[in-house]
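Peer 1: See entry11.pdb below, with PDB, C-alpha atoms and all ligand atoms.
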```
ATOM      1  CA  MET A   1      41.087   4.262 -36.619  1.00  0.00           C
ATOM      2  CA  THR A   2      41.985   1.171 -34.642  1.00  0.00           C
ATOM      3  CA  ASN A   3      42.107   3.262 -31.484  1.00  0.00           C
ATOM      4  CA  THR A   4      38.694   4.678 -32.271  1.00  0.00           C
ATOM      5  CA  ILE A   5      37.269   1.209 -32.734  1.00  0.00           C
ATOM      6  CA  SER A   6      38.897   0.018 -29.528  1.00  0.00           C
ATOM      7  CA  PHE A   7      37.412   2.991 -27.715  1.00  0.00           C
ATOM      8  CA  LEU A   8      33.963   2.256 -29.119  1.00  0.00           C
ATOM      9  CA  VAL A   9      34.174  -1.428 -28.263  1.00  0.00           C
ATOM     10  CA  SER A  10      35.370  -0.550 -24.792  1.00  0.00           C
ATOM     11  CA  ASN A  11      32.402   1.736 -24.253  1.00  0.00           C
ATOM     12  CA  VAL A  12      29.970  -0.780 -25.707  1.00  0.00           C
ATOM     13  CA  VAL A  13      31.279  -3.339 -23.229  1.00  0.00           C
ATOM     14  CA  LYS A  14      30.959  -0.801 -20.411  1.00  0.00           C
ATOM     15  CA  THR A  15      27.407  -0.010 -21.449  1.00  0.00           C
ATOM     16  CA  LEU A  16      26.550  -3.692 -21.495  1.00  0.00           C
ATOM     17  CA  SER A  17      28.233  -4.229 -18.171  1.00  0.00           C
ATOM     18  CA  VAL A  18      26.575  -1.281 -16.427  1.00  0.00           C
ATOM     19  CA  SER A  19      23.097  -2.062 -17.683  1.00  0.00           C
ATOM     20  CA  ALA A  20      23.518  -5.753 -16.881  1.00  0.00           C
ATOM     21  CA  SER A  21      24.554  -4.834 -13.334  1.00  0.00           C
ATOM     22  CA  LEU A  22      21.580  -2.537 -12.943  1.00  0.00           C
ATOM     23  CA  THR A  23      19.281  -5.238 -14.240  1.00  0.00           C
ATOM     24  CA  LEU A  24      20.688  -7.655 -11.679  1.00  0.00           C
ATOM     25  CA  LEU A  25      20.234  -5.159  -8.883  1.00  0.00           C
ATOM     26  CA  LEU A  26      16.701  -4.296  -9.920  1.00  0.00           C
ATOM     27  CA  ASN A  27      15.620  -7.897 -10.042  1.00  0.00           C
ATOM     28  CA  ASN A  28      17.132  -9.021  -6.735  1.00  0.00           C
ATOM     29  CA  ASN A  29      19.676 -11.182  -8.516  1.00  0.00           C
ATOM     30  CA  GLN A  30      16.923 -13.310 -10.011  1.00  0.00           C
ATOM     31  CA  LEU A  31      18.191 -12.700 -13.517  1.00  0.00           C
ATOM     32  CA  ALA A  32      21.818 -13.774 -13.128  1.00  0.00           C
ATOM     33  CA  ASN A  33      23.422 -14.829 -16.417  1.00  0.00           C
ATOM     34  CA  SER A  34      20.676 -13.111 -18.357  1.00  0.00           C
ATOM     35  CA  MET A  35      20.664 -10.997 -21.488  1.00  0.00           C
ATOM     36  CA  THR A  36      17.785  -8.588 -21.960  1.00  0.00           C
ATOM     37  CA  ILE A  37      16.972  -7.721 -25.553  1.00  0.00           C
ATOM     38  CA  VAL A  38      14.241  -5.408 -26.824  1.00  0.00           C
ATOM     39  CA  ASP A  39      12.792  -5.962 -30.284  1.00  0.00           C
ATOM     40  CA  THR A  40      11.706  -2.497 -31.389  1.00  0.00           C
ATOM     41  CA  LEU A  41       9.895  -3.909 -34.453  1.00  0.00           C
ATOM     42  CA  GLU A  42      11.399  -1.205 -36.636  1.00  0.00           C
ATOM     43  CA  ASP A  43      12.402  -3.693 -39.372  1.00  0.00           C
ATOM     44  CA  ILE A  44       9.026  -5.370 -39.922  1.00  0.00           C
ATOM     45  CA  GLY A  45       8.633  -4.289 -43.548  1.00  0.00           C
ATOM     46  CA  ALA A  46       6.001  -2.283 -45.365  1.00  0.00           C
ATOM     47  CA  ASN A  47       2.561  -1.701 -43.878  1.00  0.00           C
ATOM     48  CA  GLY A  48       0.483  -4.857 -44.137  1.00  0.00           C
ATOM     49  CA  THR A  49       3.438  -7.280 -44.007  1.00  0.00           C
ATOM     50  CA  VAL A  50       2.462 -10.322 -41.921  1.00  0.00           C
ATOM     51  CA  VAL A  51       4.445 -10.450 -38.663  1.00  0.00           C
ATOM     52  CA  ASN A  52       3.684 -13.764 -36.974  1.00  0.00           C
ATOM     53  CA  SER A  53       7.234 -14.514 -35.849  1.00  0.00           C
ATOM     54  CA  ARG A  54      10.318 -12.626 -34.727  1.00  0.00           C
ATOM     55  CA  THR A  55      13.906 -13.607 -33.989  1.00  0.00           C
ATOM     56  CA  ILE A  56      15.014 -11.898 -30.776  1.00  0.00           C
ATOM     57  CA  GLY A  57      18.626 -12.736 -29.931  1.00  0.00           C
ATOM     58  CA  ASP A  58      18.756 -16.509 -30.276  1.00  0.00           C
ATOM     59  CA  VAL A  59      15.073 -16.920 -29.467  1.00  0.00           C
ATOM     60  CA  GLU A  60      12.423 -17.513 -32.116  1.00  0.00           C
ATOM     61  CA  VAL A  61       9.173 -15.947 -30.976  1.00  0.00           C
ATOM     62  CA  ASN A  62       6.003 -17.158 -32.672  1.00  0.00           C
ATOM     63  CA  ILE A  63       2.889 -15.032 -32.276  1.00  0.00           C
ATOM     64  CA  SER A  64      -0.602 -16.415 -32.759  1.00  0.00           C
ATOM     65  CA  THR A  65      -4.116 -15.167 -32.104  1.00  0.00           C
ATOM     66  CA  ARG A  66      -7.534 -16.672 -31.573  1.00  0.00           C
ATOM     67  CA  ASN A  67      -9.048 -17.385 -34.992  1.00  0.00           C
ATOM     68  CA  ASN A  68      -5.481 -17.389 -36.346  1.00  0.00           C
ATOM     69  CA  ARG A  69      -5.769 -13.831 -37.547  1.00  0.00           C
ATOM     70  CA  ASP A  70      -2.417 -12.483 -38.656  1.00  0.00           C
ATOM     71  CA  LEU A  71      -0.573  -9.601 -37.074  1.00  0.00           C
ATOM     72  CA  PHE A  72       0.512  -6.945 -39.550  1.00  0.00           C
ATOM     73  CA  ALA A  73       3.234  -4.327 -39.764  1.00  0.00           C
ATOM     74  CA  ASN A  74       1.855  -0.856 -39.130  1.00  0.00           C
ATOM     75  CA  THR A  75       3.086   2.712 -38.657  1.00  0.00           C
ATOM     76  CA  TYR A  76       2.439   5.353 -36.002  1.00  0.00           C
ATOM     77  CA  PHE A  77       0.932   8.654 -37.169  1.00  0.00           C
ATOM     78  CA  ASP A  78      -0.121   6.959 -40.444  1.00  0.00           C
ATOM     79  CA  ASN A  79      -3.816   6.423 -41.106  1.00  0.00           C
ATOM     80  CA  SER A  80      -3.477   4.090 -44.097  1.00  0.00           C
ATOM     81  CA  ILE A  81      -4.134   0.988 -41.954  1.00  0.00           C
ATOM     82  CA  SER A  82      -6.155   1.899 -38.878  1.00  0.00           C
ATOM     83  CA  ALA A  83      -5.228  -0.192 -35.857  1.00  0.00           C
ATOM     84  CA  PHE A  84      -6.418   2.191 -33.137  1.00  0.00           C
ATOM     85  CA  GLY A  85      -7.930   5.617 -32.695  1.00  0.00           C
ATOM     86  CA  GLY A  86      -5.334   7.366 -30.583  1.00  0.00           C
ATOM     87  CA  ALA A  87      -4.365  10.703 -29.098  1.00  0.00           C
ATOM     88  CA  ASN A  88      -6.047  13.842 -30.447  1.00  0.00           C
ATOM     89  CA  SER A  89      -8.592  11.629 -32.279  1.00  0.00           C
ATOM     90  CA  GLN A  90      -5.866  10.668 -34.754  1.00  0.00           C
ATOM     91  CA  ILE A  91      -5.480   7.156 -36.169  1.00  0.00           C
ATOM     92  CA  ASN A  92      -2.477   5.163 -34.848  1.00  0.00           C
ATOM     93  CA  THR A  93      -1.275   8.060 -32.693  1.00  0.00           C
ATOM     94  CA  PRO A  94       0.291   7.015 -29.373  1.00  0.00           C
ATOM     95  CA  LEU A  95      -0.320   9.213 -26.351  1.00  0.00           C
ATOM     96  CA  ASN A  96       3.356   9.070 -25.321  1.00  0.00           C
ATOM     97  CA  PRO A  97       5.521   8.609 -28.418  1.00  0.00           C
ATOM     98  CA  GLY A  98       8.593   8.661 -26.161  1.00  0.00           C
ATOM     99  CA  ASN A  99       7.539   5.386 -24.512  1.00  0.00           C
ATOM    100  CA  VAL A 100       7.190   3.460 -27.759  1.00  0.00           C
ATOM    101  CA  SER A 101      10.057   2.933 -30.162  1.00  0.00           C
ATOM    102  CA  GLY A 102      10.485   4.561 -33.531  1.00  0.00           C
ATOM    103  CA  SER A 103       7.573   4.545 -35.941  1.00  0.00           C
ATOM    104  CA  ARG A 104       6.585   0.887 -36.297  1.00  0.00           C
ATOM    105  CA  PHE A 105       4.314  -1.476 -34.375  1.00  0.00           C
ATOM    106  CA  ILE A 106       2.142  -4.544 -34.994  1.00  0.00           C
ATOM    107  CA  SER A 107      -1.576  -5.242 -34.711  1.00  0.00           C
ATOM    108  CA  THR A 108      -4.235  -7.429 -36.211  1.00  0.00           C
ATOM    109  CA  GLY A 109      -6.142  -4.197 -36.824  1.00  0.00           C
ATOM    110  CA  VAL A 110      -7.122  -3.497 -40.397  1.00  0.00           C
ATOM    111  CA  THR A 111      -9.014  -0.428 -41.521  1.00  0.00           C
ATOM    112  CA  GLY A 112     -12.742  -0.875 -41.051  1.00  0.00           C
ATOM    113  CA  ASN A 113     -12.498  -4.535 -40.015  1.00  0.00           C
ATOM    114  CA  PHE A 114     -13.545  -4.832 -36.395  1.00  0.00           C
ATOM    115  CA  ASN A 115     -13.114  -8.614 -36.570  1.00  0.00           C
ATOM    116  CA  ASP A 116      -9.472  -7.781 -35.954  1.00  0.00           C
ATOM    117  CA  SER A 117      -9.867  -5.723 -32.799  1.00  0.00           C
ATOM    118  CA  PHE A 118      -8.451  -7.137 -29.555  1.00  0.00           C
ATOM    119  CA  ASP A 119     -11.773  -8.525 -28.309  1.00  0.00           C
ATOM    120  CA  GLN A 120     -12.035 -10.607 -31.480  1.00  0.00           C
ATOM    121  CA  VAL A 121      -8.484 -12.018 -31.493  1.00  0.00           C
ATOM    122  CA  ASN A 122      -8.068 -12.332 -27.695  1.00  0.00           C
ATOM    123  CA  PRO A 123      -5.954 -14.102 -26.497  1.00  0.00           C
ATOM    124  CA  ILE A 124      -2.647 -13.419 -28.218  1.00  0.00           C
ATOM    125  CA  THR A 125      -0.041 -16.144 -27.576  1.00  0.00           C
ATOM    126  CA  PHE A 126       3.748 -15.786 -27.779  1.00  0.00           C
ATOM    127  CA  SER A 127       5.721 -19.046 -27.816  1.00  0.00           C
ATOM    128  CA  PHE A 128       9.491 -19.315 -27.509  1.00  0.00           C
ATOM    129  CA  SER A 129      11.917 -21.690 -29.233  1.00  0.00           C
ATOM    130  CA  GLU A 130      13.944 -21.997 -26.027  1.00  0.00           C
ATOM    131  CA  PRO A 131      13.056 -21.298 -22.396  1.00  0.00           C
ATOM    132  CA  ILE A 132      13.566 -17.676 -21.321  1.00  0.00           C
ATOM    133  CA  LEU A 133      13.832 -15.811 -18.009  1.00  0.00           C
ATOM    134  CA  GLY A 134      11.490 -12.912 -18.730  1.00  0.00           C
ATOM    135  CA  PHE A 135       9.090 -11.476 -21.235  1.00  0.00           C
ATOM    136  CA  GLY A 136       7.450  -8.116 -21.768  1.00  0.00           C
ATOM    137  CA  LEU A 137       5.812  -5.871 -24.311  1.00  0.00           C
ATOM    138  CA  THR A 138       4.099  -2.515 -24.630  1.00  0.00           C
ATOM    139  CA  THR A 139       0.394  -2.316 -25.478  1.00  0.00           C
ATOM    140  CA  ILE A 140      -1.033   0.822 -27.018  1.00  0.00           C
ATOM    141  CA  ASP A 141      -4.639   2.032 -26.670  1.00  0.00           C
ATOM    142  CA  LEU A 142      -5.823  -0.923 -24.555  1.00  0.00           C
ATOM    143  CA  LEU A 143      -7.678  -0.241 -21.268  1.00  0.00           C
ATOM    144  CA  GLU A 144      -8.280   3.335 -22.374  1.00  0.00           C
ATOM    145  CA  ALA A 145     -10.729   5.651 -20.648  1.00  0.00           C
ATOM    146  CA  GLY A 146     -14.262   4.439 -21.289  1.00  0.00           C
ATOM    147  CA  VAL A 147     -13.745   0.758 -20.539  1.00  0.00           C
ATOM    148  CA  THR A 148     -15.820  -0.553 -17.657  1.00  0.00           C
ATOM    149  CA  SER A 149     -14.506  -1.280 -14.172  1.00  0.00           C
ATOM    150  CA  ASN A 150     -14.581  -5.030 -14.812  1.00  0.00           C
ATOM    151  CA  ASN A 151     -12.600  -4.833 -18.036  1.00  0.00           C
ATOM    152  CA  PHE A 152      -9.062  -6.090 -17.598  1.00  0.00           C
ATOM    153  CA  LEU A 153      -5.904  -7.222 -19.331  1.00  0.00           C
ATOM    154  CA  THR A 154      -3.496  -9.921 -18.126  1.00  0.00           C
ATOM    155  CA  LEU A 155      -0.046 -11.007 -19.281  1.00  0.00           C
ATOM    156  CA  SER A 156       0.682 -14.555 -18.093  1.00  0.00           C
ATOM    157  CA  VAL A 157       3.779 -16.709 -18.569  1.00  0.00           C
ATOM    158  CA  PHE A 158       3.852 -20.513 -18.585  1.00  0.00           C
ATOM    159  CA  ASP A 159       6.395 -23.328 -18.332  1.00  0.00           C
ATOM    160  CA  ALA A 160       6.866 -26.293 -20.678  1.00  0.00           C
ATOM    161  CA  SER A 161       3.889 -28.094 -19.093  1.00  0.00           C
ATOM    162  CA  ASN A 162       1.660 -25.036 -19.417  1.00  0.00           C
ATOM    163  CA  ASN A 163       1.759 -24.406 -15.689  1.00  0.00           C
ATOM    164  CA  LEU A 164       1.259 -20.731 -14.820  1.00  0.00           C
ATOM    165  CA  ILE A 165       4.518 -19.191 -13.553  1.00  0.00           C
ATOM    166  CA  ASP A 166       3.380 -15.624 -12.960  1.00  0.00           C
ATOM    167  CA  SER A 167       1.039 -12.972 -14.311  1.00  0.00           C
ATOM    168  CA  GLN A 168       0.455  -9.232 -14.310  1.00  0.00           C
ATOM    169  CA  THR A 169      -3.070  -7.780 -14.476  1.00  0.00           C
ATOM    170  CA  ARG A 170      -4.490  -4.286 -14.841  1.00  0.00           C
ATOM    171  CA  THR A 171      -8.205  -3.614 -14.381  1.00  0.00           C
ATOM    172  CA  GLY A 172     -10.410  -0.771 -15.560  1.00  0.00           C
ATOM    173  CA  PRO A 173      -9.447   2.405 -17.404  1.00  0.00           C
ATOM    174  CA  GLN A 174      -5.716   3.170 -17.231  1.00  0.00           C
ATOM    175  CA  GLY A 175      -5.490   6.414 -19.184  1.00  0.00           C
ATOM    176  CA  THR A 176      -6.720   8.415 -22.117  1.00  0.00           C
ATOM    177  CA  THR A 177      -6.943   7.163 -25.674  1.00  0.00           C
ATOM    178  CA  GLY A 178      -3.645   6.125 -27.239  1.00  0.00           C
ATOM    179  CA  LEU A 179      -2.108   5.268 -23.867  1.00  0.00           C
ATOM    180  CA  ASP A 180       0.906   2.972 -23.696  1.00  0.00           C
ATOM    181  CA  LEU A 181       1.237   0.298 -21.006  1.00  0.00           C
ATOM    182  CA  ASP A 182       4.503  -1.559 -20.313  1.00  0.00           C
ATOM    183  CA  TRP A 183       4.180  -5.198 -19.271  1.00  0.00           C
ATOM    184  CA  PHE A 184       6.996  -7.359 -17.930  1.00  0.00           C
ATOM    185  CA  ILE A 185       7.258 -10.664 -16.059  1.00  0.00           C
ATOM    186  CA  SER A 186      10.406 -12.493 -15.015  1.00  0.00           C
ATOM    187  CA  SER A 187      11.073 -15.927 -13.576  1.00  0.00           C
ATOM    188  CA  GLU A 188      13.805 -17.149 -11.231  1.00  0.00           C
ATOM    189  CA  ASN A 189      14.732 -19.806 -13.780  1.00  0.00           C
ATOM    190  CA  ALA A 190      14.898 -19.995 -17.547  1.00  0.00           C
ATOM    191  CA  ASN A 191      11.591 -21.861 -17.711  1.00  0.00           C
ATOM    192  CA  ILE A 192       9.228 -19.557 -19.613  1.00  0.00           C
ATOM    193  CA  PHE A 193       8.054 -21.280 -22.796  1.00  0.00           C
ATOM    194  CA  SER A 194       5.034 -19.130 -23.612  1.00  0.00           C
ATOM    195  CA  ALA A 195       3.249 -15.913 -22.726  1.00  0.00           C
ATOM    196  CA  ILE A 196      -0.400 -15.065 -23.203  1.00  0.00           C
ATOM    197  CA  LEU A 197      -1.959 -11.605 -23.401  1.00  0.00           C
ATOM    198  CA  SER A 198      -5.643 -11.983 -22.599  1.00  0.00           C
ATOM    199  CA  GLY A 199      -8.492 -10.120 -20.983  1.00  0.00           C
ATOM    200  CA  ASN A 200     -11.881  -8.621 -21.383  1.00  0.00           C
ATOM    201  CA  VAL A 201     -12.042  -5.410 -23.379  1.00  0.00           C
ATOM    202  CA  VAL A 202     -15.290  -4.096 -24.844  1.00  0.00           C
ATOM    203  CA  ALA A 203     -15.554  -3.932 -28.607  1.00  0.00           C
ATOM    204  CA  ASN A 204     -15.624  -0.176 -29.055  1.00  0.00           C
ATOM    205  CA  THR A 205     -12.343   0.257 -27.148  1.00  0.00           C
ATOM    206  CA  ALA A 206     -10.553  -2.751 -28.626  1.00  0.00           C
ATOM    207  CA  GLY A 207      -8.386  -1.202 -31.319  1.00  0.00           C
ATOM    208  CA  TYR A 208      -4.774  -1.707 -30.276  1.00  0.00           C
ATOM    209  CA  GLY A 209      -1.077  -1.827 -31.065  1.00  0.00           C
ATOM    210  CA  ILE A 210       1.857  -3.849 -29.717  1.00  0.00           C
ATOM    211  CA  ASP A 211       5.487  -2.662 -29.653  1.00  0.00           C
ATOM    212  CA  ASP A 212       8.834  -3.353 -27.972  1.00  0.00           C
ATOM    213  CA  LEU A 213       8.870  -7.096 -27.331  1.00  0.00           C
ATOM    214  CA  VAL A 214      11.243  -7.783 -24.412  1.00  0.00           C
ATOM    215  CA  VAL A 215      13.028 -11.116 -24.096  1.00  0.00           C
ATOM    216  CA  VAL A 216      15.286 -11.943 -21.151  1.00  0.00           C
ATOM    217  CA  ALA A 217      17.344 -14.772 -22.574  1.00  0.00           C
ATOM    218  CA  ASP A 218      19.551 -17.269 -20.807  1.00  0.00           C
ATOM    219  CA  ASP A 219      22.957 -15.631 -21.250  1.00  0.00           C
ATOM    220  CA  SER A 220      24.774 -18.947 -21.162  1.00  0.00           C
ATOM    221  CA  THR A 221      23.338 -19.763 -24.590  1.00  0.00           C
ATOM    222  CA  GLU A 222      23.103 -16.231 -25.968  1.00  0.00           C
ATOM    223  CA  SER A 223      25.316 -14.715 -28.661  1.00  0.00           C
ATOM    224  CA  ILE A 224      26.407 -11.064 -28.513  1.00  0.00           C
ATOM    225  CA  PRO A 225      23.480  -8.834 -29.522  1.00  0.00           C
ATOM    226  CA  GLU A 226      23.639  -6.451 -32.457  1.00  0.00           C
ATOM    227  CA  SER A 227      24.749  -2.943 -31.554  1.00  0.00           C
ATOM    228  CA  SER A 228      21.262  -1.698 -32.467  1.00  0.00           C
ATOM    229  CA  ASN A 229      19.992  -3.532 -29.418  1.00  0.00           C
ATOM    230  CA  LEU A 230      22.197  -1.612 -26.996  1.00  0.00           C
ATOM    231  CA  ILE A 231      19.721   1.240 -26.802  1.00  0.00           C
ATOM    232  CA  GLY A 232      17.090  -1.388 -26.117  1.00  0.00           C
ATOM    233  CA  ILE A 233      19.115  -2.816 -23.252  1.00  0.00           C
ATOM    234  CA  VAL A 234      19.415   0.593 -21.610  1.00  0.00           C
ATOM    235  CA  PHE A 235      15.718   1.143 -22.260  1.00  0.00           C
ATOM    236  CA  VAL A 236      14.761  -2.101 -20.577  1.00  0.00           C
ATOM    237  CA  THR A 237      16.822  -1.205 -17.532  1.00  0.00           C
ATOM    238  CA  LEU A 238      14.536   1.801 -17.120  1.00  0.00           C
ATOM    239  CA  LEU A 239      11.566  -0.435 -17.860  1.00  0.00           C
ATOM    240  CA  GLY A 240      12.814  -2.845 -15.203  1.00  0.00           C
ATOM    241  CA  LEU A 241      12.892   0.017 -12.709  1.00  0.00           C
ATOM    242  CA  ALA A 242       9.318   0.957 -13.618  1.00  0.00           C
ATOM    243  CA  SER A 243       8.234  -2.679 -13.393  1.00  0.00           C
ATOM    244  CA  TRP A 244      10.026  -3.141 -10.075  1.00  0.00           C
ATOM    245  CA  THR A 245       8.404   0.009  -8.702  1.00  0.00           C
ATOM    246  CA  TYR A 246       5.030  -1.107 -10.035  1.00  0.00           C
ATOM    247  CA  SER A 247       5.183  -4.570  -8.498  1.00  0.00           C
ATOM    248  CA  GLY A 248       6.594  -3.175  -5.278  1.00  0.00           C
ATOM    249  CA  ARG A 249       3.625  -0.863  -4.965  1.00  0.00           C
ATOM    250  CA  ASN A 250       1.030  -3.465  -5.792  1.00  0.00           C
ATOM    251  CA  LYS A 251       2.096  -6.570  -3.960  1.00  0.00           C
TER
HETATM  252 CA    CA A 301       8.626   0.242 -32.680  1.00  0.00          CA
HETATM  253 CA    CA A 302      -8.656   4.746 -28.578  1.00  0.00          CA
END
```
What would you get if you wrote out this structure as structure tokens?
Ligand SMILES: [Ca+2]
Ligand SMILES: [Ca+2]
Peer 2:
Amino acid sequence: MTNTISFLVSNVVKTLSVSASLTLLLNNNQLANSMTIVDTLEDIGANGTVVNSRTIGDVEVNISTRNNRDLFANTYFDNSISAFGGANSQINTPLNPGNVSGSRFISTGVTGNFNDSFDQVNPITFSFSEPILGFGLTTIDLLEAGVTSNNFLTLSVFDASNNLIDSQTRTGPQGTTGLDLDWFISSENANIFSAILSGNVVANTAGYGIDDLVVVADDSTESIPESSNLIGIVFVTLLGLASWTYSGRNK
């Protein structure tokens, strides 16, 4: 039994080590002493539970929207609370279930209440209890086919004085209904205090979901993550590769 545990711990450490090394490589050593943690939002409670804050590693993330509308726990493939009309004309159905985690996500969307679509709550602000090195998330069903060429979405990160550090923008339709888009921005220093998801999305395409919040924490102040986050760390390594490829292509 002890040997088994030792073996498991050994492999957990190896997994951490390998993915940390890959992360370093992929980010040109900008993220030294960092710990990347993905919040899969699988433990957000029953549908309709208010989710305006999350604890990710040691970082408290507060989420607020214009008009202070709450974000709620919701479930993929479940039409009881409609957040977005997704793939195959089915409520809350992501186009690529393999690129979102599990069955749970958050949205302001409430069945039949279009005051809670993205255009009505835009922007969505994430603020952090301590400065972080990177932030990301996955949006579902935003910038779907049918939006106009001047519609766009931007994820921006800011320092303690609200100076813009960096941003990522996509413009125009990005895919068919239910599409998932991964967003990620990193900084050379642990100086990100807030992130804002904003844009211009027309009302009839503004249903949406958010999943997989990514925090790159300052490792020097970070405790060991729960084992459930290990899959997330491997996931974000792949996400980092996609992000790196994306930015490399577009700069
Ligand atoms: Ca999830
Ligand atoms: Ca849609």
Peer 1: So which residues get picked by the PyMOL selection byres (((chain A and resi 138-141) around 10) and not hetatm) here, written as a count of residues only?
Peer 2: 44
Peer 1: Which one of A:Val110, A:Val61, A:Met35, A:Ile56 sits closest to A:Ser82 if you count all atoms listed in the file?
Peer 2: A:Val110
Peer 1: Under the PyMOL selection byres (((chain A and resi 164-172) around 7) and not hetatm), which residues of this model are included? Write them out as a ChimeraX atom specification.
Peer 2: /A:143,147-159,162-163,173-174,185
Peer 1: Kindly give the distance, in Å, that separates atom CA of A:Gly45 and atom CA of A:Asp70, rounded to a single decimal.
Peer 2: 14.6 Å
Peer 1: Rank nothing, just name the residue among A:Ser117, A:Asn200, A:Ala217, A:Glu188 nearest to ligand CA 302 (chain A), using only C-alpha atoms and all ligand atoms.
Peer 2: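 Of the candidates, the smallest distance to ligand CA 302 (chain A) is held by A:Ser117.
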Peer 1: Could you write out as a PyMOL selection string the residues that the PyMOL selection byres (((chain A and resi 43) around 12) and not hetatm) matches in the shown file?
Peer 2: chain A and resi 39-42+44-47+49+51+54-55+73-75+101-106+211-212+228
Peer 1: Could you work out how far atom CA of A:Phe77 lies from atom CA of A:Ala203, giving the answer in Å with one decimal?
Peer 2: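 According to the coordinates, atom CA of A:Ala203 and atom CA of A:Phe77 are separated by 22.4 Å.
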Peer 1: For the atom pair atom CA of A:Val215 and atom CA of A:Gln120, what is the interatomic distance in Å to one decimal place?
Peer 2: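 Result for atom CA of A:Val215 versus atom CA of A:Gln120: 26.1 Å, one decimal.
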Peer 1: Between A:Pro97, A:Gly109, A:Ile124, A:Asn62, single out the one closest to ligand CA 301 (chain A), counting all atoms listed in the file.
Peer 2: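 For ligand CA 301 (chain A), the nearest of the given residues is A:Pro97.
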Peer 1: Which one of A:Ile192, A:Val59, A:Val38, A:Ile91 sits closest to ligand CA 302 (chain A) if you count all atoms listed in the file?
Peer 2: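 Ranked by minimum distance to ligand CA 302 (chain A), first place goes to A:Ile91.
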